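One file, upload_12.txt, is given below (compact mmCIF, N, CA and C atoms).
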# COMPACT_ATOMS: atom_id res chain seq x y z
N MET A 1 0.94 -23.12 -22.33
CA MET A 1 -0.35 -22.87 -22.91
C MET A 1 -0.40 -21.44 -23.44
N SER A 2 -1.00 -21.24 -24.55
CA SER A 2 -1.21 -19.90 -25.06
C SER A 2 -2.66 -19.78 -25.51
N ALA A 3 -3.16 -18.57 -25.53
CA ALA A 3 -4.54 -18.31 -25.95
C ALA A 3 -4.56 -16.98 -26.67
N ARG A 4 -5.50 -16.82 -27.53
CA ARG A 4 -5.65 -15.58 -28.28
C ARG A 4 -6.92 -14.88 -27.81
N VAL A 5 -6.78 -13.59 -27.51
CA VAL A 5 -7.93 -12.78 -27.11
C VAL A 5 -7.93 -11.51 -27.95
N THR A 6 -9.08 -10.86 -28.02
CA THR A 6 -9.22 -9.62 -28.77
C THR A 6 -9.51 -8.49 -27.81
N VAL A 7 -8.87 -7.36 -28.02
CA VAL A 7 -9.11 -6.18 -27.19
C VAL A 7 -10.35 -5.47 -27.74
N SER A 8 -11.30 -5.18 -26.84
CA SER A 8 -12.54 -4.53 -27.27
C SER A 8 -12.32 -3.03 -27.48
N SER A 9 -13.34 -2.35 -27.96
CA SER A 9 -13.25 -0.90 -28.19
C SER A 9 -13.05 -0.14 -26.88
N LYS A 10 -13.37 -0.79 -25.74
CA LYS A 10 -13.16 -0.17 -24.42
C LYS A 10 -11.87 -0.68 -23.77
N ASN A 11 -10.98 -1.24 -24.59
CA ASN A 11 -9.69 -1.78 -24.11
C ASN A 11 -9.85 -2.90 -23.10
N ARG A 12 -10.85 -3.72 -23.27
CA ARG A 12 -11.08 -4.85 -22.37
C ARG A 12 -10.77 -6.15 -23.08
N ILE A 13 -10.34 -7.13 -22.29
CA ILE A 13 -10.14 -8.48 -22.83
C ILE A 13 -10.96 -9.44 -21.98
N THR A 14 -11.30 -10.55 -22.56
CA THR A 14 -11.99 -11.61 -21.83
C THR A 14 -11.05 -12.80 -21.75
N LEU A 15 -10.83 -13.28 -20.54
CA LEU A 15 -9.96 -14.44 -20.37
C LEU A 15 -10.71 -15.69 -20.79
N PRO A 16 -10.10 -16.52 -21.59
CA PRO A 16 -10.74 -17.80 -21.93
C PRO A 16 -10.94 -18.64 -20.66
N ALA A 17 -12.01 -19.42 -20.65
CA ALA A 17 -12.34 -20.24 -19.48
C ALA A 17 -11.21 -21.17 -19.10
N THR A 18 -10.50 -21.71 -20.09
CA THR A 18 -9.40 -22.64 -19.79
C THR A 18 -8.29 -21.92 -19.01
N VAL A 19 -8.03 -20.67 -19.37
CA VAL A 19 -7.00 -19.89 -18.67
C VAL A 19 -7.46 -19.57 -17.25
N SER A 20 -8.71 -19.14 -17.12
CA SER A 20 -9.25 -18.82 -15.79
C SER A 20 -9.19 -20.03 -14.86
N ARG A 21 -9.57 -21.18 -15.38
CA ARG A 21 -9.54 -22.40 -14.55
C ARG A 21 -8.12 -22.76 -14.17
N GLN A 22 -7.21 -22.71 -15.13
CA GLN A 22 -5.83 -23.10 -14.85
C GLN A 22 -5.19 -22.21 -13.80
N LEU A 23 -5.53 -20.92 -13.80
CA LEU A 23 -4.95 -19.97 -12.84
C LEU A 23 -5.80 -19.81 -11.58
N GLY A 24 -6.95 -20.45 -11.55
CA GLY A 24 -7.82 -20.33 -10.37
C GLY A 24 -8.43 -18.94 -10.23
N ILE A 25 -8.68 -18.29 -11.37
CA ILE A 25 -9.26 -16.94 -11.36
C ILE A 25 -10.77 -17.04 -11.43
N ASN A 26 -11.44 -16.31 -10.56
CA ASN A 26 -12.90 -16.28 -10.53
C ASN A 26 -13.39 -14.87 -10.75
N SER A 27 -14.66 -14.75 -11.08
CA SER A 27 -15.28 -13.45 -11.30
C SER A 27 -15.07 -12.57 -10.06
N GLY A 28 -14.63 -11.34 -10.26
CA GLY A 28 -14.40 -10.41 -9.16
C GLY A 28 -12.98 -10.42 -8.63
N ASP A 29 -12.17 -11.41 -9.02
CA ASP A 29 -10.77 -11.45 -8.57
C ASP A 29 -10.00 -10.27 -9.17
N THR A 30 -8.94 -9.87 -8.50
CA THR A 30 -8.09 -8.80 -8.99
C THR A 30 -6.83 -9.40 -9.60
N LEU A 31 -6.45 -8.88 -10.76
CA LEU A 31 -5.23 -9.34 -11.43
C LEU A 31 -4.19 -8.24 -11.40
N LEU A 32 -2.93 -8.63 -11.38
CA LEU A 32 -1.83 -7.71 -11.53
C LEU A 32 -1.32 -7.82 -12.96
N ILE A 33 -0.97 -6.69 -13.56
CA ILE A 33 -0.39 -6.69 -14.89
C ILE A 33 1.02 -6.13 -14.78
N LEU A 34 1.99 -6.94 -15.13
CA LEU A 34 3.39 -6.53 -15.13
C LEU A 34 3.82 -6.35 -16.58
N VAL A 35 4.48 -5.25 -16.88
CA VAL A 35 5.00 -5.03 -18.22
C VAL A 35 6.50 -5.23 -18.17
N ARG A 36 6.97 -6.20 -18.94
CA ARG A 36 8.40 -6.54 -18.95
C ARG A 36 8.87 -6.72 -20.38
N ASP A 37 9.83 -5.91 -20.77
CA ASP A 37 10.45 -6.04 -22.09
C ASP A 37 9.42 -6.12 -23.22
N GLY A 38 8.40 -5.28 -23.15
CA GLY A 38 7.40 -5.24 -24.21
C GLY A 38 6.32 -6.29 -24.11
N TYR A 39 6.29 -7.06 -23.03
CA TYR A 39 5.28 -8.08 -22.83
C TYR A 39 4.44 -7.72 -21.62
N ALA A 40 3.15 -8.07 -21.66
CA ALA A 40 2.28 -7.91 -20.50
C ALA A 40 2.09 -9.28 -19.86
N VAL A 41 2.32 -9.34 -18.56
CA VAL A 41 2.16 -10.58 -17.82
C VAL A 41 1.03 -10.38 -16.82
N LEU A 42 0.00 -11.20 -16.92
CA LEU A 42 -1.13 -11.11 -15.99
C LEU A 42 -1.02 -12.23 -14.96
N MET A 43 -1.31 -11.90 -13.71
CA MET A 43 -1.32 -12.93 -12.67
C MET A 43 -2.29 -12.53 -11.58
N PRO A 44 -2.87 -13.52 -10.91
CA PRO A 44 -3.79 -13.20 -9.82
C PRO A 44 -3.06 -12.45 -8.71
N GLU A 45 -3.71 -11.43 -8.15
CA GLU A 45 -3.11 -10.71 -7.03
C GLU A 45 -3.19 -11.59 -5.80
N PRO A 46 -2.07 -11.75 -5.10
CA PRO A 46 -2.09 -12.59 -3.90
C PRO A 46 -3.01 -11.99 -2.83
N GLY A 47 -3.72 -12.83 -2.14
CA GLY A 47 -4.54 -12.37 -1.03
C GLY A 47 -3.67 -11.93 0.13
N ASP A 48 -2.56 -12.61 0.32
CA ASP A 48 -1.63 -12.29 1.40
C ASP A 48 -0.21 -12.30 0.82
N TYR A 49 0.37 -11.12 0.70
CA TYR A 49 1.70 -11.02 0.10
C TYR A 49 2.75 -11.76 0.93
N SER A 50 2.60 -11.80 2.23
CA SER A 50 3.57 -12.51 3.07
C SER A 50 3.59 -13.99 2.72
N ASP A 51 2.41 -14.58 2.57
CA ASP A 51 2.35 -15.99 2.19
C ASP A 51 2.93 -16.21 0.81
N ARG A 52 2.65 -15.30 -0.10
CA ARG A 52 3.12 -15.42 -1.49
C ARG A 52 4.64 -15.36 -1.56
N LEU A 53 5.26 -14.53 -0.73
CA LEU A 53 6.70 -14.34 -0.78
C LEU A 53 7.47 -15.28 0.14
N ARG A 54 6.76 -15.98 1.02
CA ARG A 54 7.43 -16.87 1.97
C ARG A 54 8.27 -17.90 1.23
N GLY A 55 9.53 -17.99 1.59
CA GLY A 55 10.43 -18.97 1.00
C GLY A 55 11.10 -18.50 -0.28
N LEU A 56 10.82 -17.27 -0.71
CA LEU A 56 11.42 -16.76 -1.93
C LEU A 56 12.94 -16.69 -1.76
N HIS A 57 13.65 -17.27 -2.66
CA HIS A 57 15.12 -17.30 -2.67
C HIS A 57 15.70 -17.94 -1.41
N ARG A 58 15.03 -18.91 -0.91
CA ARG A 58 15.51 -19.56 0.32
C ARG A 58 16.90 -20.16 0.15
N GLU A 59 17.27 -20.51 -1.10
CA GLU A 59 18.59 -21.10 -1.32
C GLU A 59 19.72 -20.13 -1.00
N ILE A 60 19.45 -18.83 -1.10
CA ILE A 60 20.46 -17.82 -0.79
C ILE A 60 20.78 -17.83 0.71
N TRP A 61 19.77 -18.07 1.52
CA TRP A 61 19.92 -17.99 2.98
C TRP A 61 20.12 -19.35 3.63
N GLN A 62 20.28 -20.40 2.83
CA GLN A 62 20.33 -21.76 3.35
C GLN A 62 21.39 -21.97 4.44
N ASP A 63 22.59 -21.46 4.26
CA ASP A 63 23.67 -21.70 5.22
C ASP A 63 23.99 -20.46 6.05
N VAL A 64 23.03 -19.56 6.20
CA VAL A 64 23.27 -18.31 6.92
C VAL A 64 22.58 -18.37 8.29
N GLU A 65 23.33 -18.07 9.33
CA GLU A 65 22.76 -18.00 10.68
C GLU A 65 22.28 -16.56 10.87
N PRO A 66 20.98 -16.35 11.09
CA PRO A 66 20.41 -15.00 11.11
C PRO A 66 21.08 -14.03 12.08
N GLN A 67 21.33 -14.43 13.30
CA GLN A 67 21.92 -13.52 14.29
C GLN A 67 23.33 -13.10 13.89
N ALA A 68 24.11 -14.04 13.37
CA ALA A 68 25.46 -13.72 12.92
C ALA A 68 25.42 -12.76 11.74
N TYR A 69 24.46 -12.95 10.84
CA TYR A 69 24.33 -12.07 9.69
C TYR A 69 24.01 -10.64 10.12
N VAL A 70 23.04 -10.49 11.02
CA VAL A 70 22.66 -9.16 11.50
C VAL A 70 23.84 -8.51 12.23
N ARG A 71 24.54 -9.27 13.06
CA ARG A 71 25.69 -8.75 13.79
C ARG A 71 26.76 -8.24 12.81
N GLN A 72 27.03 -9.01 11.77
CA GLN A 72 28.01 -8.62 10.77
C GLN A 72 27.58 -7.35 10.03
N GLU A 73 26.31 -7.26 9.66
CA GLU A 73 25.81 -6.06 8.98
C GLU A 73 25.93 -4.83 9.87
N ARG A 74 25.63 -4.98 11.15
CA ARG A 74 25.72 -3.85 12.07
C ARG A 74 27.16 -3.38 12.21
N GLU A 75 28.09 -4.31 12.20
CA GLU A 75 29.50 -3.92 12.25
C GLU A 75 29.89 -3.10 11.02
N VAL A 76 29.42 -3.52 9.87
CA VAL A 76 29.71 -2.78 8.63
C VAL A 76 29.12 -1.38 8.70
N TRP A 77 27.93 -1.26 9.28
CA TRP A 77 27.26 0.04 9.40
C TRP A 77 27.85 0.89 10.51
N GLY A 78 28.70 0.29 11.34
CA GLY A 78 29.29 1.02 12.45
C GLY A 78 28.37 1.10 13.66
N GLU A 79 27.39 0.21 13.73
CA GLU A 79 26.47 0.20 14.87
C GLU A 79 26.98 -0.78 15.92
N PRO A 80 26.59 -0.54 17.18
CA PRO A 80 26.98 -1.46 18.25
C PRO A 80 26.41 -2.85 17.99
N THR A 81 27.17 -3.87 18.37
CA THR A 81 26.73 -5.25 18.12
C THR A 81 26.28 -5.95 19.41
N GLY A 82 26.34 -5.27 20.53
CA GLY A 82 25.94 -5.89 21.80
C GLY A 82 24.45 -6.07 21.91
N ASN A 83 24.03 -6.58 23.05
CA ASN A 83 22.61 -6.79 23.31
C ASN A 83 21.91 -5.44 23.45
N PRO A 84 20.64 -5.36 23.01
CA PRO A 84 19.90 -4.10 23.18
C PRO A 84 19.75 -3.77 24.65
N ARG A 85 19.73 -2.48 24.95
CA ARG A 85 19.55 -2.05 26.34
C ARG A 85 18.12 -2.28 26.78
N SER A 86 17.94 -2.72 27.98
CA SER A 86 16.58 -2.88 28.49
C SER A 86 16.16 -1.59 29.18
N SER A 87 14.86 -1.30 29.11
CA SER A 87 14.35 -0.05 29.69
C SER A 87 14.08 -0.21 31.15
Is it possible to express this structure as structure tokens?
Amino acid sequence: MSARVTVSSKNRITLPATVSRQLGINSGDTLLILVRDGYAVLMPEPGDYSDRLRGLHREIWQDVEPQAYVRQEREVWGEPTGNPRSS
């Protein structure tokens, strides 16, 4: 979908109702504007970034066992790989 808007003398734009409905944007919502390669991308700001990012790139971690991964990284960093000391 594409829409045409005009920038006002105060550098404001009005989102067409069809765009607002499709994106679930309501009056008072905050939008993020990303500038990429000469384009502006508008998107609703997530209420909870953790929820928004949950599962991102899950295919990369599909066959990775978390404890083994951390142990391997610690070895590369030269850190001890044993169990943490209890106080």
Distance of atom C of Ser8 in chain A from CA of Leu23 in chain A, expressed in Å to one decimal place: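 That distance, rounded to one decimal, is 23.6 Å.
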Going by DSSP on the backbone, which bits of chain A are alpha helix (DSSP H)? Write them as a PDB file with N, CA and C atoms, in the frame of the given file, please.
ATOM      1  N   ALA A  17     -12.010 -19.420 -20.650  1.00  0.00           N
ATOM      2  CA  ALA A  17     -12.340 -20.240 -19.480  1.00  0.00           C
ATOM      3  C   ALA A  17     -11.210 -21.170 -19.100  1.00  0.00           C
ATOM      4  N   THR A  18     -10.500 -21.710 -20.090  1.00  0.00           N
ATOM      5  CA  THR A  18      -9.400 -22.640 -19.790  1.00  0.00           C
ATOM      6  C   THR A  18      -8.290 -21.920 -19.010  1.00  0.00           C
ATOM      7  N   VAL A  19      -8.030 -20.670 -19.370  1.00  0.00           N
ATOM      8  CA  VAL A  19      -7.000 -19.890 -18.670  1.00  0.00           C
ATOM      9  C   VAL A  19      -7.460 -19.570 -17.250  1.00  0.00           C
ATOM     10  N   SER A  20      -8.710 -19.140 -17.120  1.00  0.00           N
ATOM     11  CA  SER A  20      -9.250 -18.820 -15.790  1.00  0.00           C
ATOM     12  C   SER A  20      -9.190 -20.030 -14.860  1.00  0.00           C
ATOM     13  N   ARG A  21      -9.570 -21.180 -15.380  1.00  0.00           N
ATOM     14  CA  ARG A  21      -9.540 -22.400 -14.550  1.00  0.00           C
ATOM     15  C   ARG A  21      -8.120 -22.760 -14.170  1.00  0.00           C
ATOM     16  N   GLN A  22      -7.210 -22.710 -15.130  1.00  0.00           N
ATOM     17  CA  GLN A  22      -5.830 -23.100 -14.850  1.00  0.00           C
ATOM     18  C   GLN A  22      -5.190 -22.210 -13.800  1.00  0.00           C
ATOM     19  N   LEU A  23      -5.530 -20.920 -13.800  1.00  0.00           N
ATOM     20  CA  LEU A  23      -4.950 -19.970 -12.840  1.00  0.00           C
ATOM     21  C   LEU A  23      -5.800 -19.810 -11.580  1.00  0.00           C
ATOM     22  N   TYR A  49       0.370 -11.120   0.700  1.00  0.00           N
ATOM     23  CA  TYR A  49       1.700 -11.020   0.100  1.00  0.00           C
ATOM     24  C   TYR A  49       2.750 -11.760   0.930  1.00  0.00           C
ATOM     25  N   SER A  50       2.600 -11.800   2.230  1.00  0.00           N
ATOM     26  CA  SER A  50       3.570 -12.510   3.070  1.00  0.00           C
ATOM     27  C   SER A  50       3.590 -13.990   2.720  1.00  0.00           C
ATOM     28  N   ASP A  51       2.410 -14.580   2.570  1.00  0.00           N
ATOM     29  CA  ASP A  51       2.350 -15.990   2.190  1.00  0.00           C
ATOM     30  C   ASP A  51       2.930 -16.210   0.810  1.00  0.00           C
ATOM     31  N   ARG A  52       2.650 -15.300  -0.100  1.00  0.00           N
ATOM     32  CA  ARG A  52       3.120 -15.420  -1.490  1.00  0.00           C
ATOM     33  C   ARG A  52       4.640 -15.360  -1.560  1.00  0.00           C
ATOM     34  N   LEU A  53       5.260 -14.530  -0.730  1.00  0.00           N
ATOM     35  CA  LEU A  53       6.700 -14.340  -0.780  1.00  0.00           C
ATOM     36  C   LEU A  53       7.470 -15.280   0.140  1.00  0.00           C
ATOM     37  N   PRO A  66      20.980 -16.350  11.090  1.00  0.00           N
ATOM     38  CA  PRO A  66      20.410 -15.000  11.110  1.00  0.00           C
ATOM     39  C   PRO A  66      21.080 -14.030  12.080  1.00  0.00           C
ATOM     40  N   GLN A  67      21.330 -14.430  13.300  1.00  0.00           N
ATOM     41  CA  GLN A  67      21.920 -13.520  14.290  1.00  0.00           C
ATOM     42  C   GLN A  67      23.330 -13.100  13.890  1.00  0.00           C
ATOM     43  N   ALA A  68      24.110 -14.040  13.370  1.00  0.00           N
ATOM     44  CA  ALA A  68      25.460 -13.720  12.920  1.00  0.00           C
ATOM     45  C   ALA A  68      25.420 -12.760  11.740  1.00  0.00           C
ATOM     46  N   TYR A  69      24.460 -12.950  10.840  1.00  0.00           N
ATOM     47  CA  TYR A  69      24.330 -12.070   9.690  1.00  0.00           C
ATOM     48  C   TYR A  69      24.010 -10.640  10.120  1.00  0.00           C
ATOM     49  N   VAL A  70      23.040 -10.490  11.020  1.00  0.00           N
ATOM     50  CA  VAL A  70      22.660  -9.160  11.500  1.00  0.00           C
ATOM     51  C   VAL A  70      23.840  -8.510  12.230  1.00  0.00           C
ATOM     52  N   ARG A  71      24.540  -9.270  13.060  1.00  0.00           N
ATOM     53  CA  ARG A  71      25.690  -8.750  13.790  1.00  0.00           C
ATOM     54  C   ARG A  71      26.760  -8.240  12.810  1.00  0.00           C
ATOM     55  N   GLN A  72      27.030  -9.010  11.770  1.00  0.00           N
ATOM     56  CA  GLN A  72      28.010  -8.620  10.770  1.00  0.00           C
ATOM     57  C   GLN A  72      27.580  -7.350  10.030  1.00  0.00           C
ATOM     58  N   GLU A  73      26.310  -7.260   9.660  1.00  0.00           N
ATOM     59  CA  GLU A  73      25.810  -6.060   8.980  1.00  0.00           C
ATOM     60  C   GLU A  73      25.930  -4.830   9.870  1.00  0.00           C
ATOM     61  N   ARG A  74      25.630  -4.980  11.150  1.00  0.00           N
ATOM     62  CA  ARG A  74      25.720  -3.850  12.070  1.00  0.00           C
ATOM     63  C   ARG A  74      27.160  -3.380  12.210  1.00  0.00           C
ATOM     64  N   GLU A  75      28.090  -4.310  12.200  1.00  0.00           N
ATOM     65  CA  GLU A  75      29.500  -3.920  12.250  1.00  0.00           C
ATOM     66  C   GLU A  75      29.890  -3.100  11.020  1.00  0.00           C
ATOM     67  N   VAL A  76      29.420  -3.520   9.870  1.00  0.00           N
ATOM     68  CA  VAL A  76      29.710  -2.780   8.630  1.00  0.00           C
ATOM     69  C   VAL A  76      29.120  -1.380   8.700  1.00  0.00           C
ATOM     70  N   TRP A  77      27.930  -1.260   9.280  1.00  0.00           N
ATOM     71  CA  TRP A  77      27.260   0.040   9.400  1.00  0.00           C
ATOM     72  C   TRP A  77      27.850   0.890  10.510  1.00  0.00           C
TER      73      TRP A  77
END
What does the structure give for the distance between CA of Arg4 in chain A and CA of Leu42 in chain A, in Å to one decimal? 13.8 Å
Just to confirm, what's the straight-line distance from atom N of Asp37 in chain A to CA of Thr6 in chain A in Å (one decimal)?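 Atom-to-atom, atom N of Asp37 in chain A and CA of Thr6 in chain A are spaced 21.0 Å apart.
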Is there a way to complete range 30-41 of chain A with all heavy atoms and then write that out as a JSON list (two decimals), keeping the file's coordinate frame?
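Output saved as out.json:
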[["chain", "number", "residue", "atom", "x", "y", "z"],
["A", 30, "THR", "N", -8.94, -9.87, -8.50],
["A", 30, "THR", "CA", -8.09, -8.80, -8.99],
["A", 30, "THR", "C", -6.83, -9.40, -9.60],
["A", 30, "THR", "O", -6.24, -10.32, -9.03],
["A", 30, "THR", "CB", -7.69, -7.85, -7.83],
["A", 30, "THR", "OG1", -8.87, -7.35, -7.22],
["A", 30, "THR", "CG2", -6.84, -6.70, -8.31],
["A", 31, "LEU", "N", -6.45, -8.88, -10.76],
["A", 31, "LEU", "CA", -5.23, -9.34, -11.43],
["A", 31, "LEU", "C", -4.19, -8.24, -11.40],
["A", 31, "LEU", "O", -4.52, -7.06, -11.40],
["A", 31, "LEU", "CB", -5.52, -9.69, -12.89],
["A", 31, "LEU", "CG", -6.55, -10.78, -13.15],
["A", 31, "LEU", "CD1", -6.71, -10.97, -14.66],
["A", 31, "LEU", "CD2", -6.15, -12.07, -12.49],
["A", 32, "LEU", "N", -2.93, -8.63, -11.38],
["A", 32, "LEU", "CA", -1.83, -7.71, -11.53],
["A", 32, "LEU", "C", -1.32, -7.82, -12.96],
["A", 32, "LEU", "O", -1.27, -8.91, -13.52],
["A", 32, "LEU", "CB", -0.68, -8.06, -10.57],
["A", 32, "LEU", "CG", -1.00, -8.03, -9.09],
["A", 32, "LEU", "CD1", 0.22, -8.50, -8.29],
["A", 32, "LEU", "CD2", -1.39, -6.64, -8.66],
["A", 33, "ILE", "N", -0.97, -6.69, -13.56],
["A", 33, "ILE", "CA", -0.39, -6.69, -14.89],
["A", 33, "ILE", "C", 1.02, -6.13, -14.78],
["A", 33, "ILE", "O", 1.21, -5.00, -14.36],
["A", 33, "ILE", "CB", -1.22, -5.83, -15.87],
["A", 33, "ILE", "CG1", -2.65, -6.36, -15.95],
["A", 33, "ILE", "CG2", -0.55, -5.83, -17.24],
["A", 33, "ILE", "CD1", -3.56, -5.50, -16.79],
["A", 34, "LEU", "N", 1.99, -6.94, -15.13],
["A", 34, "LEU", "CA", 3.39, -6.53, -15.13],
["A", 34, "LEU", "C", 3.82, -6.35, -16.58],
["A", 34, "LEU", "O", 3.53, -7.19, -17.43],
["A", 34, "LEU", "CB", 4.26, -7.59, -14.48],
["A", 34, "LEU", "CG", 3.85, -8.05, -13.08],
["A", 34, "LEU", "CD1", 4.65, -9.26, -12.66],
["A", 34, "LEU", "CD2", 4.00, -6.92, -12.10],
["A", 35, "VAL", "N", 4.48, -5.25, -16.88],
["A", 35, "VAL", "CA", 5.00, -5.03, -18.22],
["A", 35, "VAL", "C", 6.50, -5.23, -18.17],
["A", 35, "VAL", "O", 7.19, -4.54, -17.42],
["A", 35, "VAL", "CB", 4.64, -3.62, -18.73],
["A", 35, "VAL", "CG1", 5.23, -3.39, -20.11],
["A", 35, "VAL", "CG2", 3.14, -3.42, -18.74],
["A", 36, "ARG", "N", 6.97, -6.20, -18.94],
["A", 36, "ARG", "CA", 8.40, -6.54, -18.95],
["A", 36, "ARG", "C", 8.87, -6.72, -20.38],
["A", 36, "ARG", "O", 8.36, -7.58, -21.09],
["A", 36, "ARG", "CB", 8.64, -7.84, -18.18],
["A", 36, "ARG", "CG", 8.39, -7.73, -16.72],
["A", 36, "ARG", "CD", 8.85, -8.97, -16.01],
["A", 36, "ARG", "NE", 8.61, -8.83, -14.60],
["A", 36, "ARG", "CZ", 8.47, -9.85, -13.77],
["A", 36, "ARG", "NH1", 8.53, -11.08, -14.23],
["A", 36, "ARG", "NH2", 8.26, -9.65, -12.49],
["A", 37, "ASP", "N", 9.83, -5.91, -20.77],
["A", 37, "ASP", "CA", 10.45, -6.04, -22.09],
["A", 37, "ASP", "C", 9.42, -6.12, -23.22],
["A", 37, "ASP", "O", 9.54, -6.95, -24.12],
["A", 37, "ASP", "CB", 11.37, -7.26, -22.13],
["A", 37, "ASP", "CG", 12.50, -7.18, -21.13],
["A", 37, "ASP", "OD1", 13.01, -6.06, -20.91],
["A", 37, "ASP", "OD2", 12.87, -8.22, -20.56],
["A", 38, "GLY", "N", 8.40, -5.28, -23.15],
["A", 38, "GLY", "CA", 7.40, -5.24, -24.21],
["A", 38, "GLY", "C", 6.32, -6.29, -24.11],
["A", 38, "GLY", "O", 5.49, -6.42, -25.01],
["A", 39, "TYR", "N", 6.29, -7.06, -23.03],
["A", 39, "TYR", "CA", 5.28, -8.08, -22.83],
["A", 39, "TYR", "C", 4.44, -7.72, -21.62],
["A", 39, "TYR", "O", 4.94, -7.16, -20.64],
["A", 39, "TYR", "CB", 5.91, -9.46, -22.58],
["A", 39, "TYR", "CG", 6.61, -10.03, -23.78],
["A", 39, "TYR", "CD1", 7.97, -9.82, -23.96],
["A", 39, "TYR", "CD2", 5.90, -10.76, -24.72],
["A", 39, "TYR", "CE1", 8.62, -10.33, -25.07],
["A", 39, "TYR", "CE2", 6.55, -11.28, -25.84],
["A", 39, "TYR", "CZ", 7.91, -11.07, -26.01],
["A", 39, "TYR", "OH", 8.55, -11.57, -27.10],
["A", 40, "ALA", "N", 3.15, -8.07, -21.66],
["A", 40, "ALA", "CA", 2.28, -7.91, -20.50],
["A", 40, "ALA", "C", 2.09, -9.28, -19.86],
["A", 40, "ALA", "O", 1.77, -10.25, -20.54],
["A", 40, "ALA", "CB", 0.93, -7.34, -20.92],
["A", 41, "VAL", "N", 2.32, -9.34, -18.56],
["A", 41, "VAL", "CA", 2.16, -10.58, -17.82],
["A", 41, "VAL", "C", 1.03, -10.38, -16.82],
["A", 41, "VAL", "O", 1.09, -9.47, -15.99],
["A", 41, "VAL", "CB", 3.47, -10.95, -17.08],
["A", 41, "VAL", "CG1", 3.29, -12.23, -16.28],
["A", 41, "VAL", "CG2", 4.63, -11.06, -18.05]]
